[in-house]
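Okay, coords02.tsv now, which holds TSV, C-alpha atoms:
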```tsv
chain	number	residue	atom	x	y	z
J	1	MET	CA	5.61	-5.38	-30.36
J	2	ILE	CA	5.75	-3.42	-27.10
J	3	SER	CA	8.79	-1.23	-26.60
J	4	GLN	CA	9.68	0.40	-23.28
J	5	PRO	CA	6.50	-1.00	-21.68
J	6	SER	CA	6.36	1.61	-18.96
J	7	ARG	CA	5.92	4.55	-21.34
J	8	HIS	CA	5.55	3.57	-25.02
J	9	CYS	CA	3.61	1.02	-27.07
J	10	THR	CA	3.68	0.47	-30.84
J	11	VAL	CA	1.40	-1.80	-32.87
J	12	GLU	CA	1.70	-2.39	-36.62
J	13	LEU	CA	-1.35	-3.72	-38.44
J	14	GLN	CA	-3.60	-3.83	-41.46
J	15	ALA	CA	-6.54	-1.53	-40.67
J	16	LEU	CA	-9.21	-4.18	-41.14
J	17	PRO	CA	-12.35	-4.25	-38.97
J	18	SER	CA	-11.26	-7.35	-37.02
J	19	ARG	CA	-7.82	-5.89	-36.33
J	20	ILE	CA	-9.27	-2.56	-35.19
J	21	GLY	CA	-11.03	-4.32	-32.30
J	22	GLN	CA	-7.78	-6.08	-31.36
J	23	VAL	CA	-5.87	-2.80	-31.27
J	24	ARG	CA	-8.59	-1.21	-29.16
J	25	ARG	CA	-8.15	-4.05	-26.63
J	26	ILE	CA	-4.34	-3.65	-26.72
J	27	VAL	CA	-4.62	0.10	-26.07
J	28	SER	CA	-7.06	-0.53	-23.21
J	29	ALA	CA	-4.80	-3.15	-21.64
J	30	GLN	CA	-1.75	-0.90	-21.93
J	31	LEU	CA	-3.58	1.99	-20.26
J	32	ARG	CA	-4.66	-0.33	-17.43
J	33	TYR	CA	-1.01	-1.37	-17.03
J	34	TRP	CA	-0.04	2.30	-16.79
J	35	HIS	CA	-2.84	2.91	-14.24
J	36	LEU	CA	-4.60	5.27	-16.64
J	37	ASP	CA	-8.01	3.60	-16.47
J	38	PRO	CA	-9.91	6.94	-16.66
J	39	LEU	CA	-8.52	7.47	-20.19
J	40	ILE	CA	-9.48	4.08	-21.64
J	41	ASP	CA	-12.84	5.03	-23.15
J	42	GLN	CA	-11.55	8.23	-24.77
J	43	ALA	CA	-8.38	6.57	-26.11
J	44	ALA	CA	-10.28	3.53	-27.42
J	45	LEU	CA	-12.84	5.74	-29.18
J	46	GLY	CA	-10.16	7.95	-30.70
J	47	VAL	CA	-7.97	5.12	-31.96
J	48	THR	CA	-11.04	3.33	-33.35
J	49	GLU	CA	-12.03	6.41	-35.34
J	50	LEU	CA	-8.50	6.97	-36.69
J	51	LEU	CA	-8.17	3.32	-37.73
J	52	ALA	CA	-11.62	3.38	-39.33
J	53	ASN	CA	-10.43	6.33	-41.41
J	54	VAL	CA	-7.38	4.36	-42.54
J	55	HIS	CA	-9.63	1.40	-43.42
J	56	ARG	CA	-12.05	3.59	-45.35
J	57	HIS	CA	-9.74	6.10	-47.05
J	58	ALA	CA	-6.05	5.10	-47.09
J	59	GLU	CA	-4.36	4.16	-50.33
J	60	PRO	CA	-2.33	2.36	-51.64
J	61	ASP	CA	-2.63	-0.03	-48.69
J	62	LYS	CA	-4.21	-0.29	-45.25
J	63	THR	CA	-0.94	-0.86	-43.39
J	64	CYS	CA	-0.49	1.48	-40.45
J	65	THR	CA	1.25	1.92	-37.12
J	66	VAL	CA	-0.48	2.90	-33.88
J	67	GLU	CA	1.65	4.44	-31.15
J	68	ILE	CA	0.65	5.40	-27.65
J	69	GLU	CA	3.10	7.29	-25.53
J	70	LEU	CA	2.90	8.74	-22.06
J	71	LEU	CA	4.86	12.00	-21.90
J	72	LEU	CA	4.74	13.76	-18.54
J	73	GLU	CA	1.02	14.27	-17.99
J	74	ARG	CA	-0.05	13.79	-21.62
J	75	LEU	CA	-1.05	10.61	-23.39
J	76	MET	CA	-0.36	10.86	-27.11
J	77	VAL	CA	-2.08	8.43	-29.47
J	78	SER	CA	-1.01	8.50	-33.12
J	79	VAL	CA	-1.73	6.55	-36.28
J	80	HIS	CA	0.71	6.59	-39.19
J	81	ASP	CA	-0.45	5.40	-42.62
J	82	HIS	CA	1.13	5.50	-46.08
J	83	ASP	CA	-1.45	7.73	-47.78
J	84	PRO	CA	-0.07	11.28	-48.22
J	85	ARG	CA	-3.58	12.79	-48.53
J	86	LEU	CA	-4.46	14.74	-45.40
J	87	PRO	CA	-7.85	14.25	-43.74
J	88	VAL	CA	-10.43	17.00	-43.90
J	89	VAL	CA	-12.92	17.68	-41.13
J	90	THR	CA	-16.39	18.04	-42.57
J	91	GLU	CA	-19.75	18.71	-41.04
J	92	ALA	CA	-21.94	15.69	-41.67
J	93	ASP	CA	-25.62	15.98	-42.42
J	94	PRO	CA	-27.81	14.93	-39.47
J	95	PHE	CA	-28.83	11.62	-41.10
J	96	GLU	CA	-25.40	10.67	-42.49
J	97	THR	CA	-23.93	7.46	-41.07
J	98	CYS	CA	-20.31	8.54	-41.48
J	99	GLY	CA	-18.21	11.68	-41.63
J	100	ARG	CA	-18.00	12.47	-37.91
J	101	GLY	CA	-14.84	10.57	-36.92
J	102	LEU	CA	-12.41	13.47	-36.67
J	103	ALA	CA	-15.05	15.64	-35.02
J	104	MET	CA	-15.47	12.93	-32.38
J	105	VAL	CA	-11.69	12.71	-31.91
J	106	ALA	CA	-11.61	16.48	-31.44
J	107	ALA	CA	-14.49	16.30	-28.96
J	108	VAL	CA	-12.94	13.68	-26.67
J	109	SER	CA	-9.32	14.82	-26.85
J	110	GLU	CA	-7.37	17.72	-25.42
J	111	SER	CA	-5.80	18.40	-28.82
J	112	TRP	CA	-5.35	16.67	-32.15
J	113	GLY	CA	-3.62	17.22	-35.45
J	114	VAL	CA	-2.09	15.86	-38.62
J	115	GLN	CA	1.56	15.80	-39.58
J	116	SER	CA	2.48	15.21	-43.21
J	117	GLN	CA	5.31	12.77	-43.85
J	118	GLY	CA	5.52	13.69	-47.55
J	119	ASP	CA	5.43	10.67	-49.83
J	120	ALA	CA	5.74	8.41	-46.75
J	121	GLY	CA	2.18	9.26	-45.69
J	122	LYS	CA	0.92	11.07	-42.62
J	123	VAL	CA	0.49	10.83	-38.88
J	124	VAL	CA	-2.85	11.71	-37.31
J	125	TRP	CA	-2.60	12.16	-33.54
J	126	PHE	CA	-4.52	13.23	-30.46
J	127	THR	CA	-3.61	13.88	-26.83
J	128	LEU	CA	-5.41	13.24	-23.58
J	129	CYS	CA	-4.61	14.81	-20.23
J	130	ALA	CA	-3.32	12.08	-17.91
J	131	PRO	CA	-3.86	12.10	-14.15
J	132	SER	CA	-0.83	13.18	-12.12
J	133	SER	CA	1.67	10.49	-11.18
J	134	PRO	CA	-0.02	7.51	-12.83
J	135	LEU	CA	2.87	5.15	-12.12
J	136	THR	CA	3.46	5.87	-8.45
J	137	ALA	CA	1.03	3.37	-6.89
J	138	PRO	CA	1.35	-0.38	-7.46
J	139	ALA	CA	-1.58	-1.99	-9.22
J	140	TYR	CA	-2.13	-4.47	-6.39
J	141	PRO	CA	-1.06	-4.61	-2.74
J	142	VAL	CA	2.38	-6.12	-2.35
J	143	TYR	CA	2.09	-9.43	-0.48
J	144	GLY	CA	3.81	-9.26	2.89
J	145	ALA	CA	4.39	-5.50	2.80
J	146	ASP	CA	3.82	-3.93	6.22
J	147	GLY	CA	2.77	-7.34	7.50
J	148	ALA	CA	-0.35	-7.27	5.31
J	149	GLN	CA	-1.70	-10.68	4.43
J	150	PRO	CA	-4.07	-10.48	1.47
J	151	PHE	CA	-6.88	-13.03	1.54
J	152	ALA	CA	-6.36	-13.69	5.25
J	153	ALA	CA	-9.45	-14.59	7.28
J	154	ASP	CA	-10.87	-12.06	9.74
J	155	THR	CA	-9.18	-13.99	12.56
J	156	GLY	CA	-5.77	-13.03	11.24
J	157	ALA	CA	-4.91	-16.65	10.34
J	158	HIS	CA	-4.18	-17.62	6.76
J	159	ALA	CA	-3.90	-20.86	4.89
J	160	PRO	CA	-0.57	-21.94	3.42
J	161	ALA	CA	-0.02	-20.98	-0.20
J	162	ARG	CA	-0.89	-23.67	-2.71
J	163	SER	CA	-0.53	-23.82	-6.44
J	164	ALA	CA	-3.19	-25.18	-8.75
J	165	VAL	CA	-0.50	-25.98	-11.32
J	166	ALA	CA	1.16	-29.38	-11.09
J	167	GLY	CA	4.91	-29.34	-10.94
```
Write the structure described by the file as structure tokens, please.
Amino acid sequence: MISQPSRHCTVELQALPSRIGQVRRIVSAQLRYWHLDPLIDQAALGVTELLANVHRHAEPDKTCTVEIELLLERLMVSVHDHDPRLPVVTEADPFETCGRGLAMVAAVSESWGVQSQGDAGKVVWFTLCAPSSPLTAPAYPVYGADGAQPFAADTGAHAPARSAVAG
């Protein structure tokens, strides 16, 4: 479900490995739509780590909600799960294969934190600094604006528009 597509996106899911990849693609697509391409890698890494924590640690279930919201010049990414236990940042041994997720979130984000929701669980969030005015420029040139003819030949002539779809 996407609500207020220009500024807010919410996805509810079971934090299973296959679903985590889908949410990462949804977050990436939403950031492209908002013209925030420079934030895609950081946001995708952060949301992947938070969802992996839900998959690995959350009880009684793996149901969670991912929200991304653009507020002024800040992108906030949050994950709400039903486990009231708060995460703890630990320093992993050099040869450990896990235990660095929150440290990585902290490293790629501007800020991060945890908000207890009591018996309803918790929200783990991080923010990224967004470029100024991400929604001011259109994603693609507007056809016919200022007499511009996209895909026109160098001679200035252009072929009539045709559709590849019957009907």
Might you pull out every residue within 9 Å of range 24-26 of chain J, with all atoms listed in the file counted and same-chain residues fewer than 2 positions away left off, and present them as a compact mmCIF listing (two decimals) with C-alpha atoms, keeping the file's coordinate frame?
```
# COMPACT_ATOMS: atom_id res chain seq x y z
CA VAL J 11 1.40 -1.80 -32.87
CA ARG J 19 -7.82 -5.89 -36.33
CA ILE J 20 -9.27 -2.56 -35.19
CA GLY J 21 -11.03 -4.32 -32.30
CA GLN J 22 -7.78 -6.08 -31.36
CA SER J 28 -7.06 -0.53 -23.21
CA ALA J 29 -4.80 -3.15 -21.64
CA GLN J 30 -1.75 -0.90 -21.93
CA LEU J 31 -3.58 1.99 -20.26
CA ALA J 43 -8.38 6.57 -26.11
CA ALA J 44 -10.28 3.53 -27.42
CA LEU J 45 -12.84 5.74 -29.18
CA VAL J 47 -7.97 5.12 -31.96
CA THR J 48 -11.04 3.33 -33.35
```
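We find CA of Pro17 in chain J and CA of Leu75 in chain J to be spaced 24.3 Å apart.
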For this session: Determine, counting only C-alpha atoms, which protein, DNA and RNA residues have an atom within 7 Å of an atom of Thr63 in chain J; residues of the same chain fewer than 4 positions away are not included. Present the result as a PyMOL selection string.
Result: chain J and resi 13-15+81
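Put simply, CA of Leu70 in chain J is 21.5 Å away from CA of Met104 in chain J.
The residue that comes closest to Ser18 in chain J, out of J:Leu128, J:Leu51, J:Ala58, J:Ile40 and on the basis of all atoms listed in the file, is J:Leu51.
One distance worth recording is that between CA of Glu59 in chain J and CA of Gly118 in chain J, which is 14.0 Å.
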Seminar exercise, completed: Closest of J:Ser78, J:His8, J:Cys98, J:His57 to Tyr33 in chain J, counting all atoms listed in the file, is J:His8
